[in-house]
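Peer 1: My file is model.txt. It has compact mmCIF, C-alpha atoms and all ligand atoms:
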# COMPACT_ATOMS: atom_id res chain seq x y z
CA MET A 1 -0.26 -8.88 7.84
CA ALA A 2 -0.57 -12.56 8.34
CA VAL A 3 2.11 -15.20 8.80
CA PHE A 4 1.93 -17.69 5.96
CA THR A 5 5.55 -18.84 6.33
CA PRO A 6 6.69 -19.08 9.97
CA ILE A 7 10.33 -18.13 10.70
CA GLU A 8 12.30 -18.74 13.91
CA LEU A 9 15.39 -16.92 15.12
CA ASP A 10 17.47 -20.06 14.46
CA ASP A 11 16.43 -19.96 10.76
CA ILE A 12 18.11 -16.60 10.22
CA SER A 13 20.74 -15.91 12.92
CA HIS A 14 23.70 -17.23 10.96
CA TRP A 15 22.52 -15.61 7.71
CA ILE A 16 22.08 -12.19 9.35
CA SER A 17 25.46 -12.16 11.04
CA GLU A 18 27.36 -13.57 8.04
CA ASP A 19 25.77 -11.72 5.12
CA PHE A 20 24.85 -8.28 6.51
CA ASN A 21 26.34 -5.43 8.41
CA ILE A 22 23.42 -5.06 10.85
CA GLY A 23 24.75 -6.94 13.88
CA GLN A 24 23.39 -10.13 15.49
CA ALA A 25 19.70 -11.06 15.24
CA SER A 26 18.26 -10.95 18.77
CA GLU A 27 14.51 -11.35 18.27
CA ILE A 28 11.98 -12.04 15.52
CA ARG A 29 8.21 -11.54 15.96
CA GLY A 30 5.43 -12.25 13.45
CA ILE A 31 3.34 -9.15 12.73
CA HIS A 32 -0.43 -9.24 12.76
CA GLY A 33 -2.10 -6.75 10.43
CA GLY A 34 -1.63 -7.05 6.66
CA ILE A 35 -2.92 -9.75 4.37
CA GLU A 36 -0.41 -10.20 1.56
CA ASN A 37 2.97 -11.29 2.84
CA SER A 38 4.62 -12.82 5.90
CA ASN A 39 6.06 -9.90 7.88
CA PHE A 40 8.24 -9.96 10.99
CA PHE A 41 9.81 -7.35 13.21
CA LEU A 42 13.49 -8.25 13.37
CA ASP A 43 15.67 -6.83 16.15
CA THR A 44 19.43 -6.96 16.04
CA ILE A 45 22.15 -5.91 18.42
CA GLN A 46 24.89 -3.89 16.77
CA ALA A 47 27.72 -2.36 18.77
CA GLY A 48 25.66 -2.95 21.91
CA LYS A 49 22.63 -1.08 20.55
CA LYS A 50 19.25 -2.47 19.52
CA GLN A 51 18.35 -1.88 15.85
CA GLU A 52 14.91 -2.55 14.38
CA TYR A 53 14.06 -3.90 10.94
CA VAL A 54 11.16 -5.52 9.10
CA LEU A 55 11.71 -8.86 7.39
CA THR A 56 9.19 -9.74 4.67
CA ILE A 57 8.69 -13.07 2.94
CA PHE A 58 6.78 -12.50 -0.27
CA GLU A 59 3.93 -14.93 -0.73
CA ARG A 60 2.54 -13.93 -4.10
CA LEU A 61 5.07 -11.70 -5.81
CA SER A 62 7.84 -13.35 -7.76
CA ALA A 63 11.57 -12.63 -7.70
CA GLN A 64 11.08 -11.11 -11.19
CA GLN A 65 8.43 -8.65 -10.00
CA LEU A 66 10.10 -7.65 -6.74
CA PRO A 67 13.05 -5.55 -7.93
CA TYR A 68 10.59 -2.85 -9.03
CA TYR A 69 9.18 -2.42 -5.51
CA LEU A 70 12.48 -2.67 -3.68
CA GLU A 71 14.34 -0.40 -6.09
CA LEU A 72 11.47 2.11 -5.93
CA MET A 73 11.70 2.22 -2.13
CA ARG A 74 15.45 2.69 -2.33
CA HIS A 75 15.03 5.45 -4.94
CA LEU A 76 12.44 7.30 -2.84
CA ALA A 77 14.36 6.88 0.42
CA ASN A 78 17.45 8.31 -1.26
CA LYS A 79 15.34 11.35 -2.16
CA ASP A 80 14.26 11.85 1.46
CA ILE A 81 10.75 10.52 1.03
CA PRO A 82 10.10 8.72 4.35
CA VAL A 83 9.74 5.10 3.19
CA PRO A 84 11.41 1.87 4.34
CA LYS A 85 14.90 1.50 2.91
CA PRO A 86 15.90 -1.99 1.74
CA ILE A 87 19.00 -3.30 3.56
CA GLU A 88 21.85 -4.48 1.36
CA ASN A 89 23.97 -7.53 2.07
CA HIS A 90 27.76 -7.49 1.65
CA LYS A 91 27.31 -8.01 -2.10
CA GLY A 92 24.95 -5.02 -2.43
CA GLU A 93 21.91 -7.28 -2.98
CA ILE A 94 18.47 -6.36 -1.57
CA LEU A 95 16.41 -9.38 -2.66
CA PHE A 96 17.05 -12.75 -0.99
CA SER A 97 15.57 -16.22 -0.69
CA LEU A 98 14.25 -17.65 2.59
CA LYS A 99 12.41 -20.98 2.90
CA GLY A 100 12.33 -21.11 -0.90
CA LYS A 101 10.51 -17.77 -1.21
CA PRO A 102 11.71 -14.26 -2.05
CA ALA A 103 12.50 -12.11 1.00
CA ALA A 104 13.76 -8.64 1.90
CA ILE A 105 14.81 -6.71 5.01
CA VAL A 106 13.86 -3.03 5.26
CA SER A 107 14.32 -0.29 7.84
CA LYS A 108 11.52 0.04 10.41
CA LEU A 109 9.71 3.38 10.29
CA PRO A 110 8.80 5.26 13.47
CA GLY A 111 5.31 5.86 14.71
CA LEU A 112 1.81 4.45 14.60
CA SER A 113 -1.18 4.53 12.28
CA ARG A 114 -3.96 7.07 12.80
CA LEU A 115 -7.06 5.12 11.93
CA GLN A 116 -9.36 8.03 12.75
CA PRO A 117 -7.54 10.74 10.87
CA GLU A 118 -8.16 14.44 11.31
CA ALA A 119 -7.96 16.90 8.42
CA LYS A 120 -4.35 17.67 9.36
CA HIS A 121 -3.36 14.01 8.89
CA CYS A 122 -5.02 14.03 5.46
CA ALA A 123 -3.05 17.18 4.61
CA MET A 124 0.28 15.62 5.66
CA VAL A 125 -0.49 12.55 3.56
CA GLY A 126 -1.58 14.63 0.54
CA GLU A 127 1.56 16.73 0.62
CA MET A 128 3.88 13.72 0.90
CA LEU A 129 1.99 11.77 -1.77
CA ALA A 130 2.53 14.60 -4.26
CA LYS A 131 6.21 14.82 -3.26
CA MET A 132 6.49 11.06 -3.71
CA HIS A 133 4.98 11.24 -7.19
CA LEU A 134 7.43 13.94 -8.20
CA ALA A 135 10.37 12.12 -6.62
CA GLY A 136 9.48 9.03 -8.66
CA LYS A 137 9.56 10.89 -11.98
CA ASP A 138 13.15 9.89 -12.70
CA PHE A 139 12.81 6.35 -11.39
CA ALA A 140 14.05 4.29 -14.33
CA LYS A 141 12.07 1.08 -13.85
CA THR A 142 8.44 0.66 -14.89
CA GLN A 143 6.02 -2.10 -13.97
CA GLU A 144 2.28 -2.06 -14.43
CA ASN A 145 -0.02 -2.01 -11.42
CA LEU A 146 -0.67 -5.75 -11.15
CA ARG A 147 -4.11 -5.07 -9.58
CA SER A 148 -5.43 -2.89 -12.39
CA LEU A 149 -7.97 -3.48 -15.17
CA GLY A 150 -6.45 -6.74 -16.50
CA TRP A 151 -6.59 -8.26 -13.03
CA TRP A 152 -10.18 -7.10 -12.46
CA GLN A 153 -11.18 -8.71 -15.76
CA LYS A 154 -9.55 -11.99 -14.73
CA THR A 155 -10.80 -12.00 -11.14
CA ILE A 156 -14.39 -10.80 -11.43
CA PRO A 157 -15.59 -14.05 -13.10
CA LEU A 158 -14.11 -15.99 -10.13
CA VAL A 159 -16.07 -14.05 -7.51
CA LEU A 160 -19.35 -13.51 -9.38
CA PRO A 161 -20.80 -16.95 -8.43
CA HIS A 162 -20.63 -15.91 -4.76
CA LEU A 163 -22.69 -12.72 -5.22
CA ASN A 164 -26.39 -11.89 -5.26
CA THR A 165 -28.07 -10.44 -8.36
CA SER A 166 -27.74 -6.76 -7.46
CA GLN A 167 -24.07 -7.20 -6.55
CA LYS A 168 -23.44 -9.01 -9.84
CA ASP A 169 -25.12 -6.19 -11.76
CA LEU A 170 -23.14 -3.52 -9.94
CA LEU A 171 -19.82 -5.30 -10.50
CA THR A 172 -20.37 -6.04 -14.19
CA HIS A 173 -21.74 -2.55 -14.95
CA GLU A 174 -18.84 -0.86 -13.21
CA LEU A 175 -16.32 -3.07 -14.99
CA ALA A 176 -17.87 -2.14 -18.35
CA THR A 177 -17.72 1.58 -17.45
CA GLN A 178 -14.07 1.28 -16.45
CA GLU A 179 -13.18 -0.67 -19.60
CA ALA A 180 -14.60 2.19 -21.68
CA PHE A 181 -12.78 4.76 -19.53
CA PHE A 182 -9.42 2.99 -19.75
CA SER A 183 -9.65 2.77 -23.55
CA SER A 184 -10.73 6.42 -24.02
CA ALA A 185 -8.50 9.10 -25.55
CA ALA A 186 -8.98 11.21 -22.40
CA TYR A 187 -7.48 8.44 -20.25
CA ASP A 188 -4.28 8.48 -22.31
CA THR A 189 -3.70 12.17 -21.55
CA ILE A 190 -3.65 11.65 -17.77
CA PRO A 191 -0.11 11.75 -16.33
CA GLN A 192 1.30 8.62 -14.75
CA GLY A 193 4.35 7.42 -12.89
CA ALA A 194 5.41 5.35 -9.91
CA SER A 195 2.37 5.11 -7.64
CA HIS A 196 1.83 3.45 -4.26
CA CYS A 197 -1.69 2.22 -5.18
CA ASP A 198 -2.56 1.10 -1.60
CA LEU A 199 -1.97 4.17 0.56
CA PHE A 200 -4.53 3.27 3.19
CA ARG A 201 -4.47 4.56 6.77
CA ASP A 202 -2.78 1.35 7.92
CA ASN A 203 0.08 1.90 5.49
CA VAL A 204 1.08 5.30 6.91
CA LEU A 205 2.76 5.95 10.25
CA PHE A 206 2.77 9.15 12.29
CA ASP A 207 5.49 9.96 14.76
CA THR A 208 3.71 11.21 17.89
CA GLN A 209 6.84 12.97 19.23
CA GLY A 210 6.12 11.44 22.64
CA SER A 211 2.74 13.16 22.95
CA THR A 212 -0.30 11.16 24.13
CA ASP A 213 -2.69 13.00 21.80
CA THR A 214 -2.47 13.89 18.11
CA SER A 215 -1.28 17.47 18.60
CA GLN A 216 2.39 16.84 17.78
CA ASP A 217 1.87 14.23 15.04
CA GLN A 218 4.38 14.34 12.21
CA LEU A 219 4.41 12.04 9.24
CA GLY A 220 6.57 8.99 10.07
CA GLY A 221 6.39 7.49 6.61
CA PHE A 222 4.62 5.44 3.94
CA PHE A 223 5.20 1.69 3.74
CA ASP A 224 3.85 -1.49 2.09
CA PHE A 225 4.84 -0.69 -1.48
CA TYR A 226 4.06 -4.19 -2.71
CA PHE A 227 1.00 -3.11 -4.70
CA ALA A 228 2.88 -0.18 -6.26
CA GLY A 229 3.19 0.21 -10.00
CA THR A 230 3.30 2.60 -12.89
CA ASP A 231 -0.20 4.04 -12.85
CA LYS A 232 -2.11 7.29 -13.12
CA TRP A 233 -1.07 9.50 -10.22
CA VAL A 234 -4.68 10.64 -9.81
CA PHE A 235 -5.72 6.99 -9.33
CA ASP A 236 -3.25 6.85 -6.44
CA LEU A 237 -4.84 10.00 -5.02
CA ALA A 238 -8.33 8.50 -5.42
CA VAL A 239 -7.29 5.29 -3.59
CA THR A 240 -5.99 7.51 -0.80
CA ALA A 241 -9.10 9.70 -0.67
CA ASN A 242 -11.43 6.68 -0.52
CA ASP A 243 -9.75 5.50 2.66
CA TRP A 244 -8.58 8.70 4.39
CA CYS A 245 -11.48 11.05 3.71
CA LEU A 246 -14.54 9.08 4.79
CA ALA A 247 -17.49 10.74 6.50
CA ASP A 248 -18.93 9.29 9.70
CA ASN A 249 -21.18 6.96 7.68
CA LYS A 250 -17.93 5.29 6.41
CA GLN A 251 -18.93 5.52 2.76
CA ASP A 252 -19.41 9.14 1.64
CA LEU A 253 -16.51 11.56 1.32
CA ASP A 254 -16.07 14.03 4.17
CA PRO A 255 -15.59 17.52 2.63
CA GLU A 256 -13.18 18.76 5.30
CA ARG A 257 -10.82 15.79 5.09
CA LEU A 258 -11.07 15.67 1.30
CA ASN A 259 -10.28 19.39 0.93
CA ALA A 260 -7.31 18.99 3.26
CA LEU A 261 -5.94 16.08 1.23
CA MET A 262 -6.55 17.69 -2.17
CA ASN A 263 -5.31 21.18 -1.25
CA ALA A 264 -2.11 19.85 0.27
CA TYR A 265 -1.50 17.57 -2.71
CA GLN A 266 -2.15 20.37 -5.19
CA ALA A 267 0.06 22.83 -3.34
CA VAL A 268 2.92 20.55 -4.45
CA ARG A 269 1.55 19.22 -7.75
CA PRO A 270 -1.59 20.87 -9.14
CA LEU A 271 -3.89 18.48 -11.01
CA THR A 272 -4.17 18.99 -14.76
CA LYS A 273 -7.56 19.73 -16.35
CA GLU A 274 -7.67 16.13 -17.60
CA GLU A 275 -7.02 14.78 -14.12
CA GLN A 276 -9.75 16.98 -12.66
CA ALA A 277 -12.21 15.76 -15.28
CA SER A 278 -11.30 12.12 -14.54
CA TRP A 279 -11.78 12.44 -10.77
CA PRO A 280 -15.31 10.92 -10.44
CA LEU A 281 -14.36 7.89 -12.53
CA MET A 282 -11.02 7.53 -10.73
CA LEU A 283 -12.81 7.42 -7.38
CA ARG A 284 -15.00 4.65 -8.79
CA ALA A 285 -12.01 2.77 -10.22
CA ALA A 286 -10.30 2.97 -6.85
CA ALA A 287 -13.42 1.63 -5.09
CA LEU A 288 -13.83 -1.18 -7.64
CA ARG A 289 -10.18 -2.23 -7.28
CA PHE A 290 -10.53 -2.90 -3.56
CA TRP A 291 -14.03 -4.36 -3.76
CA VAL A 292 -12.70 -6.96 -6.20
CA SER A 293 -9.56 -7.78 -4.17
CA ARG A 294 -11.53 -8.05 -0.94
CA LEU A 295 -14.08 -10.35 -2.61
CA TRP A 296 -11.24 -12.46 -3.93
CA ASP A 297 -9.53 -12.68 -0.54
CA PHE A 298 -12.85 -13.41 1.16
CA TYR A 299 -14.22 -16.10 -1.15
CA LEU A 300 -10.96 -17.66 -2.31
CA PRO A 301 -8.86 -17.46 0.89
CA ARG A 302 -5.36 -18.81 1.44
CA ASP A 303 -4.14 -20.68 4.53
CA ALA A 304 -2.37 -18.44 7.00
CA GLN A 305 -1.68 -18.03 10.70
CA MET A 306 -3.07 -14.74 12.03
CA LEU A 307 -5.01 -13.82 8.88
CA THR A 308 -7.83 -11.29 9.28
CA PRO A 309 -9.76 -10.85 6.01
CA HIS A 310 -11.11 -7.39 5.19
CA ASP A 311 -14.84 -6.81 4.75
CA PRO A 312 -15.70 -6.64 1.00
CA THR A 313 -19.07 -4.94 1.55
CA HIS A 314 -17.27 -1.81 2.75
CA PHE A 315 -16.06 -1.14 -0.80
CA GLU A 316 -19.39 -2.15 -2.31
CA ARG A 317 -20.93 0.70 -0.30
CA ILE A 318 -18.11 3.08 -1.26
CA LEU A 319 -18.59 2.25 -4.94
CA LEU A 320 -22.34 2.89 -4.68
CA SER A 321 -21.63 6.20 -2.97
CA ARG A 322 -19.10 7.30 -5.65
CA ARG A 323 -21.49 6.29 -8.45
CA SER A 324 -24.10 8.59 -6.95
CA LEU A 325 -21.80 11.65 -7.03
N1 LIG B 401 8.89 -0.61 7.37
C1 LIG B 401 8.02 -0.71 8.37
N2 LIG B 401 8.17 0.05 9.46
C2 LIG B 401 7.33 -0.07 10.51
N3 LIG B 401 6.32 -0.96 10.55
C3 LIG B 401 6.13 -1.75 9.50
C4 LIG B 401 6.95 -1.66 8.35
N4 LIG B 401 6.52 -2.57 7.46
C5 LIG B 401 5.49 -3.20 8.01
N5 LIG B 401 5.24 -2.71 9.25
C6 LIG B 401 4.22 -3.18 10.20
O1 LIG B 401 3.75 -4.44 9.72
C7 LIG B 401 2.35 -4.44 9.53
C8 LIG B 401 2.00 -5.27 8.33
O2 LIG B 401 2.66 -4.81 7.17
P1 LIG B 401 1.97 -4.74 5.76
O3 LIG B 401 3.00 -4.26 4.81
O4 LIG B 401 0.69 -3.97 5.85
O5 LIG B 401 1.60 -6.26 5.47
P2 LIG B 401 1.24 -6.94 4.08
O6 LIG B 401 2.51 -6.97 3.31
O7 LIG B 401 0.76 -8.30 4.42
O8 LIG B 401 0.20 -6.09 3.47
C9 LIG B 401 1.99 -2.99 9.39
O9 LIG B 401 0.70 -2.72 9.80
C10 LIG B 401 3.02 -2.30 10.29
O10 LIG B 401 2.58 -2.32 11.61
N1 LIG B 402 -5.46 -2.10 1.71
C1 LIG B 402 -6.16 -3.22 1.17
C2 LIG B 402 -5.58 -4.55 1.47
C3 LIG B 402 -4.10 -4.66 1.30
O1 LIG B 402 -3.61 -5.10 2.51
P1 LIG B 402 -2.39 -4.37 3.19
O2 LIG B 402 -2.40 -4.85 4.57
O3 LIG B 402 -1.25 -4.82 2.36
O4 LIG B 402 -2.62 -2.87 3.08
C4 LIG B 402 -7.59 -3.28 1.69
O5 LIG B 402 -7.86 -2.64 2.71
O6 LIG B 402 -8.40 -3.99 1.10
Have the structure of the file written as structure tokens, please.
Peer 2:
Amino acid sequence: MAVFTPIELDDISHWISEDFNIGQASEIRGIHGGIENSNFFLDTIQAGKKQEYVLTIFERLSAQQLPYYLELMRHLANKDIPVPKPIENHKGEILFSLKGKPAAIVSKLPGLSRLQPEAKHCAMVGEMLAKMHLAGKDFAKTQENLRSLGWWQKTIPLVLPHLNTSQKDLLTHELATQEAFFSSAAYDTIPQGASHCDLFRDNVLFDTQGSTDTSQDQLGGFFDFYFAGTDKWVFDLAVTANDWCLADNKQDLDPERLNALMNAYQAVRPLTKEEQASWPLMLRAAALRFWVSRLWDFYLPRDAQMLTPHDPTHFERILLSRRSL
């Protein structure tokens, strides 16, 4: 994440001790890594013991949009899906205001990201993703994926002037293909529900159980639900596959990792015939979604301390690879 809105301990100490039951704030540290929100590790001391939380200040999402994400995390956590649990204040609220922006405090998950995943990591992620989809079936709220087709249609004209001719052609052709796909009868038959929509390697933690290698790794949890939405579950799986199952050339799919992800997912929730048929176009949709957002972040950047933009060309290559399948 980046830090767009700096926060000091003095800004929150009184608020934490007065409004919550999590002890006294003892330290706050800006987190480097993501690109959307201002995130901080927040330590407190409660009954003499250190407790760890994550404080997020939302930079783009509004107080109207946020209840979906926070309630979804609470719903999933209550069903034993390992996700950050929003912390309630004394009034039972989970959405607050800090420095004039919406903010939340969530539990800190254990572990670290595995950026060079083995097939077994892909399998753990596939299994938990399917369990998460099923656990979200009775989640009452719905909210569209705010980075889906409507957003691509609005954003692509903003980035096109920055691209060369072949990039422009690729982007406009793929958008036209996806528009036709989204409006097809087949698309309507594909099951949907609460989806993470950004389940990249850096949004999953593995608990290493104290081991220095990967042998004991257990899933620590999924986090960063702030791109979640009601979407096709198989789109969520395609987003995940495009990041977790890359071959050494960083663009093609690696059969071993992909099989591990898909088999583990389908052991919990087998894909329907319609989902199977949609898979090639879903992989392309998932590649397009992140090519567009990376272009947008790259060419129309915001001010931030500690911001590291992601490379858009990575998803241009992934899209080309998926189109050649
Ligand atoms: N609940 C959490 N538990 C543990 N670490 C977290 C948690 N939430 C965020 N982090 C850490 O903060 C970093 C940035 O968070 P992220 O959600 O990716 O930022 P952004 O909201 O900007 O996308 C992550 O890479 C991770 O290290
Ligand atoms: N996963 C996306 C960017 C979203 O940033 P995150 O830090 O919130 O995951 C990408 O890689 O483009």
Peer 1: Could the residues of chain A that have an atom at most 8 Å from ligand LIG 401 (chain B) be listed as JSON lines, each with its closest atom pair and the distance in Å to one decimal, counting all atoms listed in the file and ordered by chain and ascending residue number?
Peer 2:
{"residue": "A:Met1", "atom": "CA", "partner": "B:LIG401", "partner_atom": "O7", "distance": 3.6}
{"residue": "A:Ala2", "atom": "CA", "partner": "B:LIG401", "partner_atom": "O7", "distance": 5.9}
{"residue": "A:Ile31", "atom": "CA", "partner": "B:LIG401", "partner_atom": "O1", "distance": 5.6}
{"residue": "A:His32", "atom": "CA", "partner": "B:LIG401", "partner_atom": "C7", "distance": 6.4}
{"residue": "A:Gly33", "atom": "CA", "partner": "B:LIG401", "partner_atom": "C8", "distance": 4.8}
{"residue": "A:Gly34", "atom": "CA", "partner": "B:LIG401", "partner_atom": "O7", "distance": 3.5}
{"residue": "A:Ile35", "atom": "CA", "partner": "B:LIG401", "partner_atom": "O7", "distance": 4.0}
{"residue": "A:Glu36", "atom": "CA", "partner": "B:LIG401", "partner_atom": "O7", "distance": 3.6}
{"residue": "A:Asn37", "atom": "CA", "partner": "B:LIG401", "partner_atom": "O7", "distance": 4.0}
{"residue": "A:Ser38", "atom": "CA", "partner": "B:LIG401", "partner_atom": "O7", "distance": 6.1}
{"residue": "A:Asn39", "atom": "CA", "partner": "B:LIG401", "partner_atom": "O2", "distance": 6.2}
{"residue": "A:Phe40", "atom": "CA", "partner": "B:LIG401", "partner_atom": "O1", "distance": 7.2}
{"residue": "A:Phe41", "atom": "CA", "partner": "B:LIG401", "partner_atom": "O1", "distance": 7.6}
{"residue": "A:Tyr53", "atom": "CA", "partner": "B:LIG401", "partner_atom": "N1", "distance": 7.1}
{"residue": "A:Val54", "atom": "CA", "partner": "B:LIG401", "partner_atom": "N1", "distance": 5.7}
{"residue": "A:Thr56", "atom": "CA", "partner": "B:LIG401", "partner_atom": "O6", "distance": 7.4}
{"residue": "A:Phe58", "atom": "CA", "partner": "B:LIG401", "partner_atom": "O6", "distance": 7.9}
{"residue": "A:Val83", "atom": "CA", "partner": "B:LIG401", "partner_atom": "N1", "distance": 7.1}
{"residue": "A:Pro84", "atom": "CA", "partner": "B:LIG401", "partner_atom": "N1", "distance": 4.7}
{"residue": "A:Lys85", "atom": "CA", "partner": "B:LIG401", "partner_atom": "N1", "distance": 7.8}
{"residue": "A:Val106", "atom": "CA", "partner": "B:LIG401", "partner_atom": "N1", "distance": 5.9}
{"residue": "A:Ser107", "atom": "CA", "partner": "B:LIG401", "partner_atom": "N1", "distance": 5.5}
{"residue": "A:Lys108", "atom": "CA", "partner": "B:LIG401", "partner_atom": "N2", "distance": 3.5}
{"residue": "A:Leu109", "atom": "CA", "partner": "B:LIG401", "partner_atom": "N2", "distance": 3.8}
{"residue": "A:Pro110", "atom": "CA", "partner": "B:LIG401", "partner_atom": "C2", "distance": 6.3}
{"residue": "A:Gly111", "atom": "CA", "partner": "B:LIG401", "partner_atom": "C2", "distance": 7.5}
{"residue": "A:Leu112", "atom": "CA", "partner": "B:LIG401", "partner_atom": "O10", "distance": 7.4}
{"residue": "A:Ser113", "atom": "CA", "partner": "B:LIG401", "partner_atom": "O10", "distance": 7.8}
{"residue": "A:Asp202", "atom": "CA", "partner": "B:LIG401", "partner_atom": "O9", "distance": 5.7}
{"residue": "A:Asn203", "atom": "CA", "partner": "B:LIG401", "partner_atom": "O4", "distance": 5.9}
{"residue": "A:Leu205", "atom": "CA", "partner": "B:LIG401", "partner_atom": "C2", "distance": 7.6}
{"residue": "A:Phe223", "atom": "CA", "partner": "B:LIG401", "partner_atom": "N1", "distance": 5.7}
{"residue": "A:Asp224", "atom": "CA", "partner": "B:LIG401", "partner_atom": "O3", "distance": 4.0}
{"residue": "A:Phe225", "atom": "CA", "partner": "B:LIG401", "partner_atom": "O3", "distance": 7.5}
{"residue": "A:Tyr226", "atom": "CA", "partner": "B:LIG401", "partner_atom": "O6", "distance": 6.8}
Peer 1: From the set A:Asp198, A:Glu316, A:Asp19, A:Glu8, which residue has the shortest atom-to-atom contact distance to ligand LIG 402 (chain B), counting only C-alpha atoms and all ligand atoms?
Peer 2: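 Under the stated criterion, the closest residue is A:Asp198.
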Peer 1: I'd like the interatomic distance between CA of Asp10 (chain A) and CA of Ile105 (chain A), to a tenth of an Å.
Peer 2: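 It comes out at 16.6 Å.
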Peer 1: Determine, counting only C-alpha atoms, which protein, DNA and RNA residues have an atom within 6 Å of an atom of region 62-75 of chain A; residues of the same chain fewer than 2 positions away are not included. Present the result as a list in words.
Peer 2: Ala77, Asn78, Lys85 and Pro102 of chain A
Peer 1: Using all atoms listed in the file, which residue out of A:Phe315, A:Phe20, A:Trp296, A:Phe139 lies closest to His162 (chain A)?
Peer 2: A:Trp296
Peer 1: Rounded to one decimal place, report the CA of Thr172 (chain A)-CA of Thr240 (chain A) distance in Å.
Peer 2: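 Here the two named atoms are 23.9 Å from each other.
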Peer 1: Atom O5 of ligand LIG 402 (chain B) to CA of Leu129 (chain A): how many Å, to one decimal?
Peer 2: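 Interatomic distance, atom O5 of ligand LIG 402 (chain B) to CA of Leu129 (chain A): 18.0 Å.
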Peer 1: Compile the contact shell of Met262 (chain A) as a PyMOL selection string: residues with an atom at most 9 Å away, counting only C-alpha atoms, same-chain residues fewer than 2 positions apart removed.
Peer 2: chain A and resi 122-123+126-127+237+241+257-260+264-267
Peer 1: Using all atoms listed in the file, which of the listed residues (A:Lys91, A:Lys99, A:His196, A:Arg60) sits closest to Thr5 (chain A)?
Peer 2: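 Distance minimum relative to Thr5 (chain A) lands on A:Lys99.
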Peer 1: Name all residues at most 8 Å from Cys197 (chain A) (count all atoms listed in the file; drop same-chain ones fewer than 2 positions away) and give them as a count of residues only.
Peer 2: 9
Peer 1: I'd like the contact shell of region 283-295 of chain A - 10 Å cut-off, only C-alpha atoms, skipping same-chain residues fewer than 2 positions apart - returned as a ChimeraX atom specification.
Peer 2: /A:147-149,151-153,155-156,158-160,162-163,170-171,174-175,177-178,181-182,197-198,234-243,278-281,297-301,309-323,325
Peer 1: Between A:Lys273, A:Phe200, A:Gly210, A:Gly220, which is the closest to ligand LIG 402 (chain B) once you count only C-alpha atoms and all ligand atoms?
Peer 2: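 That would be A:Phe200, the residue with the smallest distance to ligand LIG 402 (chain B).
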Peer 1: With distances taken over only C-alpha atoms and all ligand atoms, which residue among A:Val204, A:Ile12, A:Ile190, A:Ile7 lies nearest ligand LIG 402 (chain B)?
Peer 2: A:Val204
Peer 1: Could I get region 210-222 of chain A rebuilt with N, CA and C atoms, written as an mmCIF file, in the frame of the given file?
Peer 2:
data_model
loop_
_atom_site.group_PDB
_atom_site.id
_atom_site.type_symbol
_atom_site.label_atom_id
_atom_site.label_comp_id
_atom_site.auth_asym_id
_atom_site.auth_seq_id
_atom_site.Cartn_x
_atom_site.Cartn_y
_atom_site.Cartn_z
ATOM 1 N N GLY A 210 6.254 11.667 21.197
ATOM 2 C CA GLY A 210 6.120 11.440 22.640
ATOM 3 C C GLY A 210 4.828 11.978 23.229
ATOM 4 N N SER A 211 3.987 12.594 22.424
ATOM 5 C CA SER A 211 2.740 13.160 22.950
ATOM 6 C C SER A 211 1.673 12.062 23.045
ATOM 7 N N THR A 212 0.747 12.180 24.010
ATOM 8 C CA THR A 212 -0.300 11.160 24.130
ATOM 9 C C THR A 212 -1.506 11.475 23.254
ATOM 10 N N ASP A 213 -1.595 12.693 22.731
ATOM 11 C CA ASP A 213 -2.690 13.000 21.800
ATOM 12 C C ASP A 213 -2.098 13.230 20.399
ATOM 13 N N THR A 214 -2.915 13.766 19.499
ATOM 14 C CA THR A 214 -2.470 13.890 18.110
ATOM 15 C C THR A 214 -1.797 15.237 17.815
ATOM 16 N N SER A 215 -1.683 16.085 18.853
ATOM 17 C CA SER A 215 -1.280 17.470 18.600
ATOM 18 C C SER A 215 0.095 17.616 17.953
ATOM 19 N N GLN A 216 1.015 16.713 18.296
ATOM 20 C CA GLN A 216 2.390 16.840 17.780
ATOM 21 C C GLN A 216 2.667 15.935 16.586
ATOM 22 N N ASP A 217 1.644 15.243 16.083
ATOM 23 C CA ASP A 217 1.870 14.230 15.040
ATOM 24 C C ASP A 217 2.629 14.790 13.841
ATOM 25 N N GLN A 218 3.652 14.056 13.452
ATOM 26 C CA GLN A 218 4.380 14.340 12.210
ATOM 27 C C GLN A 218 4.384 13.070 11.385
ATOM 28 N N LEU A 219 4.410 13.227 10.087
ATOM 29 C CA LEU A 219 4.410 12.040 9.240
ATOM 30 C C LEU A 219 5.657 11.190 9.533
ATOM 31 N N GLY A 220 5.443 9.902 9.845
ATOM 32 C CA GLY A 220 6.570 8.990 10.070
ATOM 33 C C GLY A 220 7.001 8.345 8.767
ATOM 34 N N GLY A 221 6.033 8.043 7.913
ATOM 35 C CA GLY A 221 6.390 7.490 6.610
ATOM 36 C C GLY A 221 5.282 6.659 5.988
ATOM 37 N N PHE A 222 5.495 6.327 4.714
ATOM 38 C CA PHE A 222 4.620 5.440 3.940
ATOM 39 C C PHE A 222 5.321 4.088 3.833
#
